[in-house]
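Asker: My structure is stored as structure35.csv, with CSV, N, CA and C atoms and all ligand atoms.
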```
chain,number,residue,atom,x,y,z
A,1,MET,N,101.7,99.2,111.4
A,1,MET,CA,101.5,98.9,110.0
A,1,MET,C,100.0,98.7,109.7
A,2,GLU,N,99.5,99.3,108.7
A,2,GLU,CA,98.1,99.0,108.2
A,2,GLU,C,98.1,97.9,107.2
A,3,ILE,N,97.0,97.2,107.0
A,3,ILE,CA,97.1,96.1,106.1
A,3,ILE,C,97.3,96.6,104.7
A,4,GLN,N,96.8,97.8,104.3
A,4,GLN,CA,97.1,98.3,103.0
A,4,GLN,C,98.6,98.5,102.7
A,5,ASP,N,99.4,98.8,103.8
A,5,ASP,CA,100.8,98.9,103.6
A,5,ASP,C,101.4,97.6,103.2
A,6,LEU,N,100.9,96.5,103.8
A,6,LEU,CA,101.4,95.2,103.5
A,6,LEU,C,101.0,94.8,102.1
A,7,TYR,N,99.7,95.1,101.7
A,7,TYR,CA,99.3,94.8,100.4
A,7,TYR,C,100.1,95.5,99.3
A,8,ALA,N,100.6,96.7,99.7
A,8,ALA,CA,101.3,97.5,98.7
A,8,ALA,C,102.7,96.9,98.4
A,9,LEU,N,103.1,95.9,99.2
A,9,LEU,CA,104.4,95.3,98.9
A,9,LEU,C,104.3,94.2,97.8
A,10,ILE,N,103.1,93.9,97.5
A,10,ILE,CA,102.9,92.8,96.5
A,10,ILE,C,102.7,93.4,95.1
A,11,PRO,N,103.4,93.0,94.1
A,11,PRO,CA,103.3,93.5,92.8
A,11,PRO,C,101.9,93.2,92.2
A,12,GLU,N,101.4,94.2,91.4
A,12,GLU,CA,100.1,94.0,90.7
A,12,GLU,C,100.2,93.0,89.6
A,13,MET,N,99.3,92.2,89.5
A,13,MET,CA,99.2,91.3,88.3
A,13,MET,C,98.4,91.9,87.2
A,14,GLN,N,98.8,91.7,86.0
A,14,GLN,CA,98.0,92.2,84.8
A,14,GLN,C,97.4,90.9,84.3
A,15,CYS,N,96.2,90.5,84.8
A,15,CYS,CA,95.6,89.3,84.5
A,15,CYS,C,95.0,89.3,83.1
A,16,ILE,N,94.8,88.1,82.5
A,16,ILE,CA,94.1,88.0,81.2
A,16,ILE,C,92.7,88.6,81.4
A,17,PRO,N,92.2,89.4,80.5
A,17,PRO,CA,90.9,90.0,80.7
A,17,PRO,C,89.8,88.9,80.9
A,18,ASN,N,89.0,89.1,81.9
A,18,ASN,CA,87.8,88.2,82.2
A,18,ASN,C,88.3,86.9,82.7
A,19,CYS,N,89.5,86.6,82.9
A,19,CYS,CA,90.0,85.3,83.4
A,19,CYS,C,89.6,85.2,84.9
A,20,THR,N,89.0,84.1,85.3
A,20,THR,CA,88.7,83.9,86.7
A,20,THR,C,89.1,82.5,87.1
A,21,ILE,N,90.0,81.9,86.4
A,21,ILE,CA,90.3,80.5,86.6
A,21,ILE,C,90.7,80.2,88.1
A,22,CYS,N,91.6,81.0,88.6
A,22,CYS,CA,92.1,80.7,90.0
A,22,CYS,C,91.0,80.9,91.0
A,23,CYS,N,90.1,81.8,90.7
A,23,CYS,CA,88.9,82.1,91.6
A,23,CYS,C,87.9,81.0,91.6
A,24,ARG,N,88.0,80.1,90.6
A,24,ARG,CA,87.1,79.0,90.5
A,24,ARG,C,87.7,77.7,90.9
A,25,GLU,N,88.9,77.8,91.3
A,25,GLU,CA,89.6,76.5,91.7
A,25,GLU,C,89.9,76.3,93.1
A,26,PHE,N,89.9,77.4,93.9
A,26,PHE,CA,90.4,77.3,95.3
A,26,PHE,C,89.4,77.6,96.4
A,27,GLY,N,88.1,77.7,96.0
A,27,GLY,CA,87.1,77.9,97.1
A,27,GLY,C,87.2,79.3,97.7
A,28,ILE,N,86.7,79.4,98.9
A,28,ILE,CA,86.7,80.6,99.6
A,28,ILE,C,88.1,80.9,100.1
A,29,PRO,N,88.7,82.1,99.9
A,29,PRO,CA,90.1,82.3,100.2
A,29,PRO,C,90.3,82.4,101.7
A,30,SER,N,91.5,82.0,102.2
A,30,SER,CA,91.8,82.2,103.6
A,30,SER,C,91.9,83.7,103.9
A,31,ARG,N,91.5,84.1,105.1
A,31,ARG,CA,91.6,85.6,105.4
A,31,ARG,C,91.6,85.7,106.9
A,32,THR,N,92.2,86.8,107.4
A,32,THR,CA,92.2,87.1,108.8
A,32,THR,C,90.9,87.7,109.2
A,33,PRO,N,90.6,87.8,110.5
A,33,PRO,CA,89.4,88.5,111.0
A,33,PRO,C,89.3,89.9,110.4
A,34,LEU,N,90.4,90.6,110.4
A,34,LEU,CA,90.4,92.0,109.9
A,34,LEU,C,90.0,92.0,108.4
A,35,GLU,N,90.5,91.1,107.6
A,35,GLU,CA,90.1,91.0,106.2
A,35,GLU,C,88.7,90.6,106.0
A,36,GLU,N,88.2,89.7,106.9
A,36,GLU,CA,86.8,89.4,106.8
A,36,GLU,C,85.9,90.6,107.1
A,37,ALA,N,86.3,91.4,108.1
A,37,ALA,CA,85.5,92.5,108.5
A,37,ALA,C,85.5,93.5,107.3
A,38,ARG,N,86.7,93.7,106.7
A,38,ARG,CA,86.8,94.6,105.5
A,38,ARG,C,85.9,94.2,104.4
A,39,ILE,N,85.8,92.9,104.2
A,39,ILE,CA,85.0,92.3,103.1
A,39,ILE,C,83.5,92.5,103.5
A,40,ARG,N,83.1,92.2,104.7
A,40,ARG,CA,81.7,92.4,105.1
A,40,ARG,C,81.3,93.9,105.0
A,41,GLU,N,82.1,94.8,105.4
A,41,GLU,CA,81.8,96.2,105.3
A,41,GLU,C,81.7,96.6,103.9
A,42,TYR,N,82.5,96.1,103.0
A,42,TYR,CA,82.5,96.4,101.6
A,42,TYR,C,81.2,95.9,101.0
A,43,LEU,N,80.8,94.7,101.3
A,43,LEU,CA,79.6,94.1,100.8
A,43,LEU,C,78.4,94.9,101.2
A,44,ASP,N,78.4,95.3,102.5
A,44,ASP,CA,77.3,96.2,103.0
A,44,ASP,C,77.2,97.5,102.2
A,45,ARG,N,78.4,98.1,102.1
A,45,ARG,CA,78.5,99.4,101.5
A,45,ARG,C,78.0,99.4,100.0
A,46,GLU,N,78.5,98.3,99.3
A,46,GLU,CA,78.2,98.2,97.9
A,46,GLU,C,76.9,97.5,97.6
A,47,LYS,N,76.2,97.1,98.7
A,47,LYS,CA,74.9,96.3,98.6
A,47,LYS,C,75.1,95.1,97.8
A,48,ILE,N,76.2,94.4,98.0
A,48,ILE,CA,76.4,93.1,97.3
A,48,ILE,C,75.9,92.0,98.3
A,49,LYS,N,75.1,91.1,97.7
A,49,LYS,CA,74.6,90.0,98.5
A,49,LYS,C,75.7,89.0,98.8
A,50,PHE,N,75.7,88.6,100.1
A,50,PHE,CA,76.7,87.6,100.5
A,50,PHE,C,76.3,86.2,100.0
A,51,SER,N,77.2,85.5,99.5
A,51,SER,CA,76.9,84.1,99.0
A,51,SER,C,77.9,83.2,99.6
A,52,TYR,N,77.7,81.9,99.4
A,52,TYR,CA,78.6,80.9,99.9
A,52,TYR,C,79.4,80.2,98.8
A,53,ALA,N,80.5,79.7,99.2
A,53,ALA,CA,81.4,79.0,98.1
A,53,ALA,C,80.6,77.8,97.6
A,54,SER,N,80.7,77.6,96.3
A,54,SER,CA,80.1,76.4,95.7
A,54,SER,C,81.2,75.5,95.1
A,55,GLY,N,81.4,74.3,95.7
A,55,GLY,CA,82.5,73.5,95.2
A,55,GLY,C,83.8,74.2,95.4
A,56,THR,N,84.5,74.3,94.4
A,56,THR,CA,85.8,75.0,94.5
A,56,THR,C,85.7,76.5,94.1
A,57,THR,N,84.5,77.0,93.8
A,57,THR,CA,84.4,78.4,93.4
A,57,THR,C,84.2,79.4,94.5
A,58,CYS,N,85.0,80.4,94.5
A,58,CYS,CA,84.9,81.4,95.5
A,58,CYS,C,83.6,82.1,95.4
A,59,PRO,N,83.0,82.5,96.6
A,59,PRO,CA,81.6,83.1,96.5
A,59,PRO,C,81.7,84.5,96.0
A,60,TYR,N,82.8,85.1,95.8
A,60,TYR,CA,82.9,86.5,95.4
A,60,TYR,C,83.2,86.7,93.9
A,61,VAL,N,83.3,85.5,93.2
A,61,VAL,CA,83.7,85.7,91.8
A,61,VAL,C,82.4,85.9,91.0
A,62,THR,N,82.5,86.7,89.9
A,62,THR,CA,81.4,86.9,89.0
A,62,THR,C,82.0,86.7,87.6
A,63,GLU,N,81.1,86.8,86.6
A,63,GLU,CA,81.5,86.7,85.2
A,63,GLU,C,82.5,87.8,84.9
A,64,ARG,N,82.4,88.9,85.6
A,64,ARG,CA,83.3,90.0,85.3
A,64,ARG,C,84.6,90.1,86.2
A,65,GLY,N,84.7,89.1,87.0
A,65,GLY,CA,85.9,89.0,87.9
A,65,GLY,C,85.5,89.1,89.4
A,66,CYS,N,86.4,89.6,90.2
A,66,CYS,CA,86.2,89.6,91.6
A,66,CYS,C,85.3,90.8,92.0
A,67,SER,N,84.2,90.4,92.8
A,67,SER,CA,83.2,91.5,93.2
A,67,SER,C,83.7,92.3,94.4
A,68,ILE,N,84.8,91.8,95.0
A,68,ILE,CA,85.3,92.5,96.2
A,68,ILE,C,86.7,92.9,96.0
A,69,TYR,N,87.1,93.2,94.7
A,69,TYR,CA,88.5,93.4,94.3
A,69,TYR,C,89.3,94.3,95.2
A,70,PRO,N,88.7,95.5,95.6
A,70,PRO,CA,89.5,96.4,96.4
A,70,PRO,C,89.8,95.9,97.8
A,71,VAL,N,89.0,94.9,98.3
A,71,VAL,CA,89.3,94.4,99.6
A,71,VAL,C,89.6,92.9,99.6
A,72,ARG,N,90.0,92.4,98.5
A,72,ARG,CA,90.3,91.0,98.4
A,72,ARG,C,91.5,90.7,99.4
A,73,PRO,N,91.5,89.5,100.0
A,73,PRO,CA,92.5,89.2,101.0
A,73,PRO,C,93.9,89.0,100.4
A,74,LEU,N,94.9,88.9,101.3
A,74,LEU,CA,96.3,88.8,100.9
A,74,LEU,C,96.5,87.6,100.0
A,75,ILE,N,96.0,86.5,100.3
A,75,ILE,CA,96.3,85.3,99.5
A,75,ILE,C,95.9,85.5,98.0
A,76,CYS,N,94.8,86.2,97.8
A,76,CYS,CA,94.4,86.5,96.4
A,76,CYS,C,95.4,87.4,95.7
A,77,ARG,N,96.0,88.3,96.5
A,77,ARG,CA,96.9,89.3,95.9
A,77,ARG,C,98.3,88.6,95.6
A,78,LEU,N,98.6,87.5,96.4
A,78,LEU,CA,99.9,86.8,96.2
A,78,LEU,C,99.8,85.9,95.0
A,79,TYR,N,98.6,85.4,94.7
A,79,TYR,CA,98.5,84.4,93.6
A,79,TYR,C,99.0,85.0,92.3
A,80,GLY,N,100.0,84.3,91.8
A,80,GLY,CA,100.6,84.7,90.5
A,80,GLY,C,101.8,85.7,90.8
A,81,ALA,N,101.8,86.4,91.9
A,81,ALA,CA,102.8,87.4,92.1
A,81,ALA,C,104.1,86.8,92.8
A,82,SER,N,103.9,85.5,93.2
A,82,SER,CA,105.0,84.9,93.9
A,82,SER,C,105.3,83.6,93.3
A,83,LYS,N,106.6,83.2,93.3
A,83,LYS,CA,107.0,81.9,92.6
A,83,LYS,C,106.3,80.7,93.3
A,84,ASN,N,105.9,80.8,94.6
A,84,ASN,CA,105.3,79.6,95.2
A,84,ASN,C,103.8,79.6,94.9
A,85,TYR,N,103.2,80.6,94.3
A,85,TYR,CA,101.8,80.7,93.9
A,85,TYR,C,101.7,81.0,92.4
A,86,PRO,N,102.2,80.1,91.6
A,86,PRO,CA,102.2,80.5,90.1
A,86,PRO,C,100.8,80.5,89.5
A,87,CYS,N,100.6,81.4,88.6
A,87,CYS,CA,99.4,81.5,87.9
A,87,CYS,C,99.3,80.3,86.9
A,88,VAL,N,98.2,79.7,86.8
A,88,VAL,CA,98.1,78.5,85.9
A,88,VAL,C,98.1,78.9,84.4
A,89,LYS,N,97.9,80.2,84.2
A,89,LYS,CA,98.0,80.7,82.8
A,89,LYS,C,99.3,81.3,82.5
A,90,GLY,N,100.2,81.2,83.4
A,90,GLY,CA,101.6,81.7,83.2
A,90,GLY,C,101.8,83.2,83.2
A,91,VAL,N,100.8,83.9,83.8
A,91,VAL,CA,101.0,85.4,83.9
A,91,VAL,C,101.9,85.7,85.1
A,92,VAL,N,102.8,86.6,84.9
A,92,VAL,CA,103.7,87.0,86.0
A,92,VAL,C,103.8,88.5,86.0
A,93,PRO,N,103.9,89.1,87.2
A,93,PRO,CA,104.1,90.6,87.2
A,93,PRO,C,105.5,90.9,86.7
A,94,LEU,N,105.8,92.2,86.5
A,94,LEU,CA,107.1,92.6,86.0
A,94,LEU,C,108.2,92.2,87.0
A,95,SER,N,107.9,92.3,88.3
A,95,SER,CA,108.9,92.0,89.3
A,95,SER,C,108.3,91.0,90.3
A,96,PRO,N,108.2,89.7,90.0
A,96,PRO,CA,107.6,88.8,90.9
A,96,PRO,C,108.4,88.7,92.2
A,97,LEU,N,107.7,88.4,93.3
A,97,LEU,CA,108.4,88.2,94.6
A,97,LEU,C,109.2,87.0,94.6
A,98,ASP,N,110.4,87.1,95.2
A,98,ASP,CA,111.2,85.9,95.4
A,98,ASP,C,110.8,85.3,96.7
A,99,GLU,N,111.4,84.1,97.0
A,99,GLU,CA,111.0,83.4,98.2
A,99,GLU,C,111.2,84.2,99.5
A,100,ASP,N,112.3,84.9,99.6
A,100,ASP,CA,112.6,85.7,100.8
A,100,ASP,C,111.5,86.8,101.0
A,101,GLN,N,111.2,87.5,99.9
A,101,GLN,CA,110.2,88.6,99.9
A,101,GLN,C,108.8,88.0,100.3
A,102,GLU,N,108.5,86.8,99.8
A,102,GLU,CA,107.2,86.2,100.1
A,102,GLU,C,107.2,85.8,101.6
A,103,ALA,N,108.3,85.3,102.1
A,103,ALA,CA,108.4,84.8,103.5
A,103,ALA,C,108.3,86.1,104.4
A,104,GLU,N,108.9,87.2,104.0
A,104,GLU,CA,108.8,88.4,104.8
A,104,GLU,C,107.3,88.9,104.9
A,105,ILE,N,106.7,88.8,103.7
A,105,ILE,CA,105.3,89.3,103.7
A,105,ILE,C,104.4,88.4,104.6
A,106,PHE,N,104.6,87.1,104.6
A,106,PHE,CA,103.9,86.2,105.4
A,106,PHE,C,104.2,86.5,106.9
A,107,HIS,N,105.5,86.7,107.2
A,107,HIS,CA,105.9,87.0,108.6
A,107,HIS,C,105.1,88.3,109.1
A,108,LEU,N,105.1,89.3,108.3
A,108,LEU,CA,104.4,90.6,108.7
A,108,LEU,C,102.9,90.3,108.8
A,109,TYR,N,102.4,89.6,107.9
A,109,TYR,CA,101.0,89.3,107.9
A,109,TYR,C,100.6,88.6,109.2
A,110,LEU,N,101.3,87.5,109.5
A,110,LEU,CA,101.0,86.7,110.7
A,110,LEU,C,101.3,87.5,112.0
A,111,SER,N,102.4,88.2,112.0
A,111,SER,CA,102.7,88.9,113.2
A,111,SER,C,101.9,90.1,113.5
A,112,HIS,N,101.3,90.8,112.5
A,112,HIS,CA,100.5,92.0,112.7
A,112,HIS,C,99.0,91.7,112.6
A,113,PHE,N,98.6,90.7,111.9
A,113,PHE,CA,97.2,90.6,111.5
A,113,PHE,C,96.5,89.3,111.8
A,114,ARG,N,97.3,88.3,112.3
A,114,ARG,CA,96.7,87.0,112.4
A,114,ARG,C,95.5,87.0,113.4
A,115,GLY,N,95.6,87.7,114.5
A,115,GLY,CA,94.5,87.7,115.5
A,115,GLY,C,93.6,88.9,115.4
A,116,THR,N,93.8,89.7,114.4
A,116,THR,CA,93.0,91.0,114.3
A,116,THR,C,91.8,90.8,113.4
B,201,LIG,S1,96.1,85.0,88.2
B,201,LIG,FE1,96.1,83.8,86.3
B,201,LIG,S2,94.5,82.3,86.5
B,201,LIG,FE2,94.1,83.9,88.1
B,201,LIG,S3,92.8,85.4,87.1
B,201,LIG,FE3,94.9,86.1,86.8
B,201,LIG,S4,95.4,85.3,84.8
B,201,LIG,FE4,93.6,84.1,85.4
B,202,LIG,S1,88.1,87.0,96.7
B,202,LIG,FE1,88.1,87.7,94.6
B,202,LIG,S2,90.3,87.5,93.9
B,202,LIG,FE2,90.0,86.2,95.7
B,202,LIG,S3,89.4,84.2,95.0
B,202,LIG,FE3,87.5,85.3,95.4
B,202,LIG,S4,86.9,86.3,93.5
B,202,LIG,FE4,89.1,85.6,93.3
```
Output the file's structure in the form of structure tokens.

Answerer:
Amino acid sequence: MEIQDLYALIPEMQCIPNCTICCREFGIPSRTPLEEARIREYLDREKIKFSYASGTTCPYVTERGCSIYPVRPLICRLYGASKNYPCVKGVVPLSPLDEDQEAEIFHLYLSHFRGT
């Protein structure tokens, strides 16, 4: 399984335009070594300067949203898409994940990618 295959199991959020509230509340998102490597590679390729989290603000958030959107880690993709990670603005995808689906995604994530 590739990590993109896992990401594809998570429904897309249709966020409020220019909203970055959740990216400013939770600091740097948790990620596996593979996700970190994908982010570093993307930053290099796109010539984006690496920065550090400030307070609760993620280092990758900009006024226009996430600067690493194509390679954002799993936890960012789950936010709002699953009942255990509700969007503070009440946005939900058309088919939110139920608890069993979320648990299966975490199981696959940890079993395939925790040490990678
Ligand atoms: S998930 Fe909710 S809080 Fe986060 S950016 Fe989207 S709309 Fe805003
Ligand atoms: S990586 Fe992107 S989506 Fe995730 S918290 Fe940071 S800015 Fe938001």

Asker: Please measure the separation of atom C of Thr56 in chain A and atom N of Pro17 in chain A, giving the value in Å to one decimal.

Answerer: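 Atom N of Pro17 in chain A lies at a distance of 19.8 Å from atom C of Thr56 in chain A.
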
Asker: Dump the neighbourhood of ligand LIG 201 (chain B) as a ChimeraX atom specification: all residues within 8 Å, distances computed on only C-alpha atoms and all ligand atoms.

Answerer: /A:13-23,65,79-80,86-91

Asker: Which residue gives the smallest distance to ligand LIG 202 (chain B) among A:Arg31, A:His107, A:His112, A:Lys49, with only C-alpha atoms and all ligand atoms counted?

Answerer: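 The shortest atom-to-atom distance to ligand LIG 202 (chain B) comes from A:Arg31.
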
Asker: Would you work out the distance separating atom N of Asp100 in chain A from atom N of Pro33 in chain A, expressed in Å to one decimal?

Answerer: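 We find that atom N of Asp100 in chain A and atom N of Pro33 in chain A lie 24.5 Å from each other.
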
Asker: Using all atoms listed in the file for the distances, tell me which of A:Pro70, A:Gly55, A:Pro11, A:Pro96 is nearest to ligand LIG 202 (chain B).

Answerer: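 Closest to ligand LIG 202 (chain B), using all atoms listed in the file: A:Pro70.
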
Asker: Using only N, CA and C atoms and all ligand atoms, which residue out of A:Phe113, A:Tyr52, A:Tyr60, A:Tyr85 lies closest to ligand LIG 202 (chain B)?

Answerer: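 Of A:Phe113, A:Tyr52, A:Tyr60, A:Tyr85, the one nearest ligand LIG 202 (chain B), counting only N, CA and C atoms and all ligand atoms, is A:Tyr60.
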
Asker: Give me the chain A side of the contact with ligand LIG 202 (chain B), cut-off 8 Å, one line per residue showing its nearest atom pair and distance in Å at one decimal, counting only C-alpha atoms and all ligand atoms, sorted by chain and residue number, as a tab-separated table.

Answerer:
```
residue	atom	partner	partner_atom	distance
A:Thr20	CA	B:LIG202	FE4	6.8
A:Cys22	CA	B:LIG202	FE4	6.6
A:Cys23	CA	B:LIG202	FE4	3.9
A:Arg24	CA	B:LIG202	S3	7.3
A:Phe26	CA	B:LIG202	S3	7.0
A:Gly27	CA	B:LIG202	S3	7.0
A:Ile28	CA	B:LIG202	FE3	6.4
A:Pro29	CA	B:LIG202	S3	5.6
A:Thr57	CA	B:LIG202	S3	7.8
A:Cys58	CA	B:LIG202	FE3	4.7
A:Pro59	CA	B:LIG202	FE3	6.4
A:Tyr60	CA	B:LIG202	S4	4.4
A:Val61	CA	B:LIG202	S4	3.7
A:Thr62	CA	B:LIG202	S4	7.1
A:Gly65	CA	B:LIG202	S4	6.3
A:Cys66	CA	B:LIG202	S4	3.9
A:Ser67	CA	B:LIG202	FE1	6.4
A:Ile68	CA	B:LIG202	FE1	5.8
A:Tyr69	CA	B:LIG202	FE1	5.7
A:Arg72	CA	B:LIG202	S1	4.9
A:Pro73	CA	B:LIG202	S1	6.5
A:Ile75	CA	B:LIG202	FE2	7.4
A:Cys76	CA	B:LIG202	FE2	4.5
A:Arg77	CA	B:LIG202	S2	7.1
```

Asker: Distance CA of Glu104 in chain A-CA of Glu36 in chain A, one decimal place?

Answerer: 22.1 Å

Asker: Give me the residues near Asn84 in chain A as JSON, numbers by chain, where near means some atom within 7 Å (using all atoms listed in the file) and where sequence neighbours in that chain fewer than 3 positions away do not count.

Answerer: {"A": [80, 81, 98, 99]}
